[in-house]
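structure_36.txt (compact mmCIF, C-alpha atoms)
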```
# COMPACT_ATOMS: atom_id res chain seq x y z
CA MET A 539 14.68 -44.60 -1.49
CA SER A 540 11.33 -42.83 -1.54
CA ARG A 541 9.13 -42.59 -4.62
CA VAL A 542 6.30 -40.08 -4.20
CA PRO A 543 3.48 -40.44 -6.75
CA ALA A 544 2.57 -37.39 -8.78
CA ASP A 545 -0.14 -35.31 -7.12
CA ARG A 546 -3.18 -35.71 -9.33
CA ALA A 547 -4.59 -32.36 -8.23
CA LEU A 548 -1.42 -30.54 -9.36
CA VAL A 549 -1.42 -32.42 -12.67
CA SER A 550 -5.04 -31.40 -13.19
CA LEU A 551 -4.19 -27.76 -12.41
CA THR A 552 -1.42 -27.73 -15.01
CA ARG A 553 -3.65 -29.34 -17.64
CA ASN A 554 -6.49 -26.88 -16.94
CA ALA A 555 -4.10 -23.94 -17.28
CA ALA A 556 -3.00 -25.25 -20.68
CA ILE A 557 -6.64 -25.66 -21.77
CA ALA A 558 -7.40 -22.09 -20.65
CA SER A 559 -4.46 -20.90 -22.74
CA VAL A 560 -5.78 -22.69 -25.84
CA ALA A 561 -9.27 -21.22 -25.35
CA THR A 562 -7.93 -17.68 -24.88
CA ALA A 563 -5.66 -17.89 -27.94
CA SER A 564 -8.52 -19.21 -30.12
CA PHE A 565 -10.84 -16.41 -29.06
CA LEU A 566 -8.25 -13.67 -29.63
CA LEU A 567 -7.16 -15.10 -32.98
CA VAL A 568 -10.65 -14.69 -34.47
CA LEU A 569 -11.07 -11.24 -32.93
CA LYS A 570 -7.73 -9.91 -34.16
CA ALA A 571 -8.15 -11.33 -37.65
CA VAL A 572 -11.21 -9.11 -38.12
CA ALA A 573 -9.42 -6.11 -36.62
CA ALA A 574 -6.27 -6.54 -38.77
CA TRP A 575 -8.42 -6.74 -41.91
CA GLN A 576 -10.35 -3.59 -40.99
CA THR A 577 -7.45 -1.42 -39.78
CA GLY A 578 -4.50 -2.46 -41.95
CA SER A 579 -2.26 -1.82 -38.93
CA VAL A 580 1.17 -3.48 -38.85
CA ALA A 581 1.05 -3.48 -35.07
CA MET A 582 -2.35 -5.21 -35.20
CA LEU A 583 -1.06 -7.62 -37.86
CA GLY A 584 1.85 -8.42 -35.56
CA SER A 585 -0.58 -8.98 -32.72
CA LEU A 586 -2.65 -11.29 -34.97
CA ALA A 587 0.43 -13.28 -35.98
CA ASP A 588 1.45 -13.59 -32.38
CA SER A 589 -2.01 -14.85 -31.39
CA GLY A 590 -1.85 -17.44 -34.17
CA LEU A 591 1.47 -18.65 -32.82
CA ASP A 592 0.01 -18.46 -29.32
CA LEU A 593 -2.64 -20.95 -30.33
CA LEU A 594 -0.10 -23.35 -31.80
CA ALA A 595 2.19 -22.93 -28.80
CA SER A 596 -0.70 -23.46 -26.39
CA LEU A 597 -1.67 -26.67 -28.18
CA VAL A 598 1.91 -27.90 -27.91
CA THR A 599 1.95 -26.89 -24.24
CA LEU A 600 -1.27 -28.83 -23.63
CA TYR A 601 0.26 -31.88 -25.28
CA GLY A 602 3.50 -31.40 -23.34
CA VAL A 603 1.82 -31.24 -19.93
CA ARG A 604 -0.27 -34.30 -20.78
CA VAL A 605 2.87 -36.27 -21.67
CA ALA A 606 4.68 -34.92 -18.60
CA ALA A 607 1.86 -36.17 -16.37
CA THR A 608 2.24 -39.72 -17.70
CA PRO A 609 3.53 -42.01 -14.93
CA ALA A 610 7.03 -43.46 -15.11
CA ASP A 611 7.30 -46.58 -17.26
CA HIS A 612 9.91 -49.19 -18.19
CA ASP A 613 11.68 -46.88 -20.67
CA HIS A 614 11.29 -43.63 -18.66
CA ARG A 615 11.93 -44.54 -15.04
CA PHE A 616 12.19 -40.93 -13.93
CA GLY A 617 8.87 -40.07 -15.56
CA HIS A 618 8.14 -37.82 -18.53
CA GLY A 619 8.48 -34.40 -16.88
CA LYS A 620 11.01 -33.05 -19.37
CA ALA A 621 8.30 -33.05 -22.02
CA GLU A 622 7.32 -29.71 -20.47
CA ALA A 623 10.78 -28.28 -21.15
CA LEU A 624 10.65 -29.51 -24.75
CA ALA A 625 7.22 -27.87 -25.17
CA ALA A 626 8.66 -24.65 -23.76
CA LEU A 627 11.53 -24.72 -26.28
CA PHE A 628 9.02 -25.21 -29.08
CA GLN A 629 7.27 -22.08 -27.86
CA VAL A 630 10.59 -20.24 -27.96
CA GLY A 631 11.01 -21.17 -31.63
CA LEU A 632 7.54 -19.86 -32.45
CA ILE A 633 8.09 -16.62 -30.54
CA THR A 634 11.36 -16.04 -32.38
CA ALA A 635 9.72 -16.68 -35.77
CA SER A 636 6.96 -14.24 -34.85
CA ALA A 637 9.50 -11.57 -33.92
CA VAL A 638 11.36 -11.94 -37.23
CA GLY A 639 8.14 -11.75 -39.26
CA ILE A 640 6.86 -8.67 -37.44
CA ALA A 641 10.22 -6.90 -37.77
CA TRP A 642 10.32 -7.60 -41.51
CA ARG A 643 6.76 -6.30 -42.04
CA ALA A 644 7.43 -3.20 -39.93
CA ALA A 645 10.62 -2.42 -41.88
CA TYR A 646 8.64 -2.71 -45.11
CA ARG A 647 5.98 -0.32 -43.83
CA LEU A 648 8.62 2.27 -42.99
CA THR A 649 9.41 2.49 -46.73
CA VAL A 650 5.79 2.47 -47.97
CA ASP A 651 3.13 5.06 -47.17
CA GLN A 652 0.20 2.88 -46.16
CA PRO A 653 -2.02 4.56 -43.53
CA THR A 654 -4.08 2.65 -41.03
CA ALA A 655 -7.88 2.89 -40.78
CA GLU A 656 -10.78 2.12 -38.43
CA ALA A 657 -8.76 2.82 -35.31
CA GLU A 658 -11.84 2.35 -33.11
CA ILE A 659 -12.12 -1.30 -34.11
CA GLY A 660 -8.46 -1.99 -33.45
CA ILE A 661 -8.53 -0.23 -30.08
CA ALA A 662 -11.70 -2.02 -28.96
CA VAL A 663 -10.30 -5.43 -29.95
CA SER A 664 -7.02 -4.68 -28.20
CA LEU A 665 -8.83 -3.70 -25.00
CA VAL A 666 -10.74 -7.00 -25.06
CA ALA A 667 -7.43 -8.80 -25.64
CA VAL A 668 -5.83 -6.97 -22.70
CA ALA A 669 -8.66 -7.96 -20.36
CA SER A 670 -8.59 -11.59 -21.53
CA THR A 671 -4.81 -11.80 -21.23
CA ILE A 672 -4.76 -10.33 -17.72
CA GLY A 673 -7.33 -12.90 -16.65
CA LEU A 674 -5.30 -15.76 -18.13
CA ILE A 675 -1.98 -14.56 -16.65
CA THR A 676 -3.54 -14.22 -13.20
CA TYR A 677 -4.80 -17.80 -13.40
CA GLN A 678 -1.45 -19.07 -14.72
CA ARG A 679 0.42 -17.41 -11.86
CA SER A 680 -1.71 -19.22 -9.30
CA VAL A 681 -1.07 -22.54 -11.09
CA ILE A 682 2.69 -21.94 -11.33
CA ALA A 683 2.84 -21.06 -7.62
CA ARG A 684 1.43 -24.49 -6.81
CA THR A 685 3.02 -26.65 -9.52
CA GLY A 686 6.21 -24.91 -10.69
CA SER A 687 5.41 -26.06 -14.25
CA VAL A 688 8.08 -24.84 -16.70
CA ALA A 689 5.72 -25.20 -19.68
CA ILE A 690 3.07 -22.99 -18.07
CA THR A 691 5.81 -20.59 -16.98
CA ALA A 692 6.98 -20.22 -20.59
CA ASP A 693 3.37 -19.79 -21.67
CA LYS A 694 2.88 -17.08 -19.06
CA LEU A 695 5.99 -15.24 -20.25
CA HIS A 696 4.57 -15.35 -23.75
CA TYR A 697 1.24 -13.91 -22.65
CA GLN A 698 2.96 -11.23 -20.61
CA THR A 699 4.60 -10.20 -23.86
CA ASP A 700 1.15 -10.26 -25.50
CA LEU A 701 -0.11 -7.86 -22.86
CA LEU A 702 2.55 -5.32 -23.79
CA LEU A 703 1.93 -6.02 -27.46
CA ASN A 704 -1.80 -5.23 -27.20
CA LEU A 705 -1.11 -2.02 -25.30
CA SER A 706 1.39 -1.08 -28.01
CA VAL A 707 -1.24 -1.65 -30.70
CA ILE A 708 -3.55 0.80 -28.94
CA ALA A 709 -0.79 3.40 -28.65
CA ALA A 710 0.24 2.93 -32.29
CA LEU A 711 -3.32 3.40 -33.60
CA VAL A 712 -3.92 6.47 -31.45
CA LEU A 713 -0.64 8.12 -32.52
CA ASP A 714 -1.13 7.19 -36.17
CA GLN A 715 -4.76 8.18 -36.71
CA TYR A 716 -5.56 10.75 -34.05
CA LEU A 717 -2.23 12.56 -33.72
CA GLY A 718 -1.03 12.14 -37.30
CA LEU A 719 2.28 10.45 -36.49
CA THR A 720 2.23 8.12 -39.50
CA GLY A 721 5.51 6.39 -38.62
CA ALA A 722 4.32 5.35 -35.17
CA ASP A 723 2.65 2.10 -36.26
CA PRO A 724 5.70 0.42 -37.90
CA LEU A 725 7.99 1.72 -35.14
CA PHE A 726 5.79 0.11 -32.54
CA GLY A 727 5.90 -3.03 -34.67
CA MET A 728 9.70 -3.02 -34.45
CA ALA A 729 9.55 -2.50 -30.68
CA ILE A 730 7.13 -5.42 -30.35
CA ALA A 731 9.46 -7.64 -32.37
CA SER A 732 12.37 -6.76 -30.08
CA TRP A 733 10.31 -7.49 -26.99
CA LEU A 734 9.22 -10.84 -28.40
CA ALA A 735 12.86 -11.78 -29.02
CA TRP A 736 13.74 -10.90 -25.42
CA GLY A 737 10.80 -12.96 -24.16
CA ALA A 738 12.04 -15.93 -26.22
CA PHE A 739 15.46 -15.69 -24.59
CA ARG A 740 13.98 -15.63 -21.09
CA ALA A 741 11.68 -18.58 -21.76
CA SER A 742 14.50 -20.64 -23.29
CA SER A 743 16.74 -20.24 -20.24
CA LEU A 744 14.12 -21.85 -17.97
CA ALA A 745 13.65 -24.83 -20.28
CA ILE A 746 17.38 -25.33 -20.84
CA ASP A 747 18.01 -25.28 -17.08
CA GLN A 748 15.64 -28.23 -16.69
CA LEU A 749 17.04 -30.17 -19.63
CA MET A 750 20.56 -29.64 -18.25
CA ASP A 751 19.48 -30.72 -14.72
CA LYS A 752 20.46 -27.45 -13.10
CA GLU A 753 20.60 -27.55 -9.31
CA TRP A 754 17.85 -25.99 -7.20
CA PRO A 755 18.40 -22.41 -6.01
CA GLU A 756 20.81 -22.30 -3.06
CA GLU A 757 18.15 -21.10 -0.62
CA LYS A 758 15.94 -24.08 -1.44
CA ARG A 759 18.89 -26.47 -1.16
CA GLN A 760 19.68 -25.14 2.32
CA ARG A 761 16.08 -25.51 3.50
CA PHE A 762 16.09 -29.10 2.27
CA LEU A 763 19.34 -29.91 4.07
CA GLU A 764 18.02 -28.39 7.28
CA ALA A 765 14.91 -30.56 7.03
CA ALA A 766 17.03 -33.68 6.50
CA ALA A 767 19.78 -32.94 9.04
CA GLY A 768 17.44 -32.50 12.00
CA HIS A 769 17.44 -36.21 12.86
CA PRO A 770 19.55 -36.89 16.00
CA GLN A 771 21.10 -40.11 14.63
CA LEU A 772 22.17 -38.67 11.29
CA LYS A 773 25.92 -37.99 11.41
CA GLY A 774 26.36 -36.00 8.22
CA ILE A 775 25.36 -35.48 4.57
CA HIS A 776 27.41 -35.43 1.40
CA ASP A 777 27.03 -35.86 -2.39
CA PHE A 778 23.79 -33.85 -2.33
CA ARG A 779 22.28 -33.46 -5.82
CA THR A 780 19.01 -31.92 -6.97
CA ARG A 781 17.15 -31.35 -10.21
CA ARG A 782 13.71 -30.57 -11.57
CA SER A 783 11.72 -32.30 -14.31
CA GLY A 784 8.47 -30.65 -15.34
CA SER A 785 6.58 -29.92 -12.14
CA ARG A 786 8.45 -32.55 -10.08
CA ASP A 787 11.57 -32.21 -7.97
CA PHE A 788 14.23 -34.87 -7.40
CA ALA A 789 16.87 -34.96 -4.66
CA GLN A 790 19.50 -37.50 -3.68
CA PHE A 791 22.26 -37.59 -1.10
CA HIS A 792 24.50 -39.84 0.99
CA MET A 793 23.99 -39.77 4.74
CA TYR A 794 26.33 -40.97 7.48
CA VAL A 795 25.09 -43.09 10.38
CA ALA A 796 27.06 -44.66 13.25
CA SER A 797 29.26 -47.45 11.89
CA GLU A 798 28.06 -49.93 14.53
CA MET A 799 24.40 -49.46 13.63
CA THR A 800 22.56 -52.50 12.22
CA VAL A 801 21.01 -52.44 8.74
CA ILE A 802 17.52 -52.50 10.25
CA ASP A 803 18.24 -49.57 12.59
CA ALA A 804 19.95 -47.60 9.81
CA HIS A 805 17.00 -48.14 7.50
CA LYS A 806 14.67 -46.92 10.22
CA VAL A 807 16.69 -43.72 10.53
CA MET A 808 16.52 -43.26 6.77
CA ASP A 809 12.72 -43.67 6.80
CA GLU A 810 12.44 -41.08 9.55
CA VAL A 811 14.66 -38.65 7.64
CA GLU A 812 12.46 -39.12 4.55
CA ALA A 813 9.37 -38.41 6.67
CA ARG A 814 10.93 -35.16 7.92
CA ILE A 815 11.69 -34.12 4.36
CA ALA A 816 8.17 -34.99 3.14
CA GLU A 817 6.65 -32.65 5.72
CA GLN A 818 8.39 -29.62 4.23
CA PHE A 819 8.89 -30.81 0.64
CA PRO A 820 5.81 -32.84 -0.30
CA GLY A 821 5.99 -34.55 -3.68
CA VAL A 822 9.80 -34.51 -3.94
CA GLU A 823 11.26 -37.84 -5.02
CA VAL A 824 14.15 -38.61 -2.68
CA LEU A 825 16.96 -41.14 -3.09
CA ILE A 826 19.18 -41.74 -0.03
CA HIS A 827 22.39 -43.77 0.12
CA LEU A 828 23.58 -44.94 3.55
CA ASP A 829 27.26 -44.70 4.54
CA PRO A 830 28.94 -45.71 7.81
CA GLU A 831 30.39 -42.68 9.56
CA GLY A 832 33.84 -41.80 8.23
CA HIS A 833 33.50 -43.82 5.02
CA VAL A 834 34.79 -42.19 1.80
CA ASP A 835 33.34 -43.46 -1.49
CA HIS A 836 35.46 -41.49 -3.96
CA PRO A 837 38.53 -39.95 -2.31
CA ASP A 838 39.63 -38.27 -5.56
CA ASN A 839 36.28 -36.55 -6.18
CA PRO A 840 35.88 -33.50 -3.91
CA LEU A 841 32.54 -32.59 -5.51
CA VAL A 842 31.05 -35.89 -4.36
CA GLU A 843 32.69 -35.99 -0.96
CA THR A 844 31.99 -32.38 0.05
CA ASP A 845 30.23 -32.26 3.42
CA VAL A 846 27.06 -30.18 2.93
CA THR A 847 25.62 -30.69 6.41
CA PRO A 848 24.26 -27.38 7.82
CA THR A 849 26.76 -25.55 10.05
CA TRP A 850 24.46 -25.71 13.07
CA PHE A 851 24.14 -29.51 12.76
CA GLY A 852 26.93 -30.47 15.16
CA LYS A 853 25.63 -28.15 17.88
CA ARG A 854 22.06 -29.46 17.67
CA ALA A 855 23.01 -33.08 17.33
```

Structure encoded using structure tokens:
Amino acid sequence: MSRVPADRALVSLTRNAAIASVATASFLLVLKAVAAWQTGSVAMLGSLADSGLDLLASLVTLYGVRVAATPADHDHRFGHGKAEALAALFQVGLITASAVGIAWRAAYRLTVDQPTAEAEIGIAVSLVAVASTIGLITYQRSVIARTGSVAITADKLHYQTDLLLNLSVIAALVLDQYLGLTGADPLFGMAIASWLAWGAFRASSLAIDQLMDKEWPEEKRQRFLEAAAGHPQLKGIHDFRTRRSGSRDFAQFHMYVASEMTVIDAHKVMDEVEARIAEQFPGVEVLIHLDPEGHVDHPDNPLVETDVTPTWFGKRA
């Protein structure tokens, strides 16, 4: 068994991304509150509501990544990584509430003649929001590429939606005030609500996959098996299982060694296999069970006993 401590640098990256999200949401909330008051735009009001929920969601994300970074303890031996998935689901609930509220307000505006005003203010604020959001998303992408954080991924999906939302506000104000299409603003509000609902669905699927311990993608599983199976004294692999919790990966499998091998020699092989895996999959927590070649643990369970050794293994060995 190999327990790899959480990389402090990656934990710090995730926390910093959450802090950047909180700072961006706070700044945009104040800016959009002024713009919504001045313009009376439903699209801008929807953008304001979304930024308010962004701030709450970002605070929950910050708390979630802090909890997820907490080392394993007596009651949570696998760590606290799933706190990120729970934070992501909380974000989904807020996004869905925002979509319902915006849709209701937009439907009301379709029945009431209430023109917008001060388009210049709304457009200027939206442009600032677009620039700020692009900067945040770019930073979040770099963090996700290094950490795989599901909480930051959900946050990024939310801000990608915000980017479209802010562009929609600009289009709605231009069409409404400069081109005289008075129904454009509430219609854009309805479109924004629909897009928010779709974003909530996408974000929820990532979090649920983690909470349900979904297996790694097949391509990643194959690369892992190839890294493990390269040892000349390893005779085969079965019962290979993987999952992800927060920004950490877990893998476990049974490996066959020659039945006449001593415990000391078999353990040495296991250590060398773990070292091979660590070179290509740093930070993955690996659990290996040793079996003598030909041994069957659960003859009535084909899922457990399936041989997953790469097809080239026999030729190379």

>> Which residues are close to Thr699 in chain A, i.e. within 8 Å by only C-alpha atoms, leaving aside same-chain residues fewer than 5 positions away? Reply as number ranges by chain.
In response: A: 733-734, 737

>> Residues near Ile672 in chain A, anyone? I mean within 12 Å using all atoms listed in the file, not counting same-chain ones fewer than 5 positions away, as a ChimeraX atom specification.
In response: /A:559,562,665-667,677-679,694,697-702,704-705

>> At a cut-off of 10 Å, using all atoms listed in the file, what residues contact range 760-765 of chain A? Leave out same-chain residues fewer than 3 positions from it and give the result as a list in words.
In response: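 The residues satisfying every condition are Trp754, Pro755, Glu756, Glu757, Gly768, His769, Ile775, Phe778, Ala789, Phe791, Val811, Glu812, Ala813, Arg814, Ile815, Ala816, Glu817, Gln818, Phe819, Val846, Thr847, Pro848, Thr849, Trp850 and Phe851 of chain A.
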
>> Could you list, as JSON, numbers by chain, every residue within 7 Å of range 624-636 of chain A, counting all atoms listed in the file and ignoring same-chain residues fewer than 3 positions away?
In response: {"A": [587, 588, 591, 595, 598, 599, 602, 620, 621, 639, 640, 689, 692, 734, 735, 738, 741, 742, 745]}

Go ahead and write the selection's residues with C-alpha atoms as a PDB file, in the frame of the given file.
```pdb
ATOM      1  CA  ALA A 587       0.430 -13.280 -35.980  1.00  0.00           C
ATOM      2  CA  ASP A 588       1.450 -13.590 -32.380  1.00  0.00           C
ATOM      3  CA  LEU A 591       1.470 -18.650 -32.820  1.00  0.00           C
ATOM      4  CA  ALA A 595       2.190 -22.930 -28.800  1.00  0.00           C
ATOM      5  CA  VAL A 598       1.910 -27.900 -27.910  1.00  0.00           C
ATOM      6  CA  THR A 599       1.950 -26.890 -24.240  1.00  0.00           C
ATOM      7  CA  GLY A 602       3.500 -31.400 -23.340  1.00  0.00           C
ATOM      8  CA  LYS A 620      11.010 -33.050 -19.370  1.00  0.00           C
ATOM      9  CA  ALA A 621       8.300 -33.050 -22.020  1.00  0.00           C
ATOM     10  CA  GLY A 639       8.140 -11.750 -39.260  1.00  0.00           C
ATOM     11  CA  ILE A 640       6.860  -8.670 -37.440  1.00  0.00           C
ATOM     12  CA  ALA A 689       5.720 -25.200 -19.680  1.00  0.00           C
ATOM     13  CA  ALA A 692       6.980 -20.220 -20.590  1.00  0.00           C
ATOM     14  CA  LEU A 734       9.220 -10.840 -28.400  1.00  0.00           C
ATOM     15  CA  ALA A 735      12.860 -11.780 -29.020  1.00  0.00           C
ATOM     16  CA  ALA A 738      12.040 -15.930 -26.220  1.00  0.00           C
ATOM     17  CA  ALA A 741      11.680 -18.580 -21.760  1.00  0.00           C
ATOM     18  CA  SER A 742      14.500 -20.640 -23.290  1.00  0.00           C
ATOM     19  CA  ALA A 745      13.650 -24.830 -20.280  1.00  0.00           C
TER      20      ALA A 745
END
```

> So what do you get for CA of Gly784 in chain A versus CA of Gly673 in chain A, distance-wise?
Replying inline: 23.8 Å

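Residues in contact with range 827-832 of chain A at 10 Å, where all atoms listed in the file are counted and same-chain residues fewer than 2 positions away are skipped, are listed as Met539, Leu772, Lys773, Gly774, Ile775, His776, Asp777, Gln790, Phe791, His792, Met793, Tyr794, Val795, Ala796, Ser797, Glu798, Met799, Val801, Ala804, His805, Val807, Met808, Leu825, Val834 and Asp835 of chain A.
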
> Expressed in Å to a single decimal, how great is the separation between CA of His618 in chain A and CA of Asp809 in chain A?
Replying inline: 26.4 Å
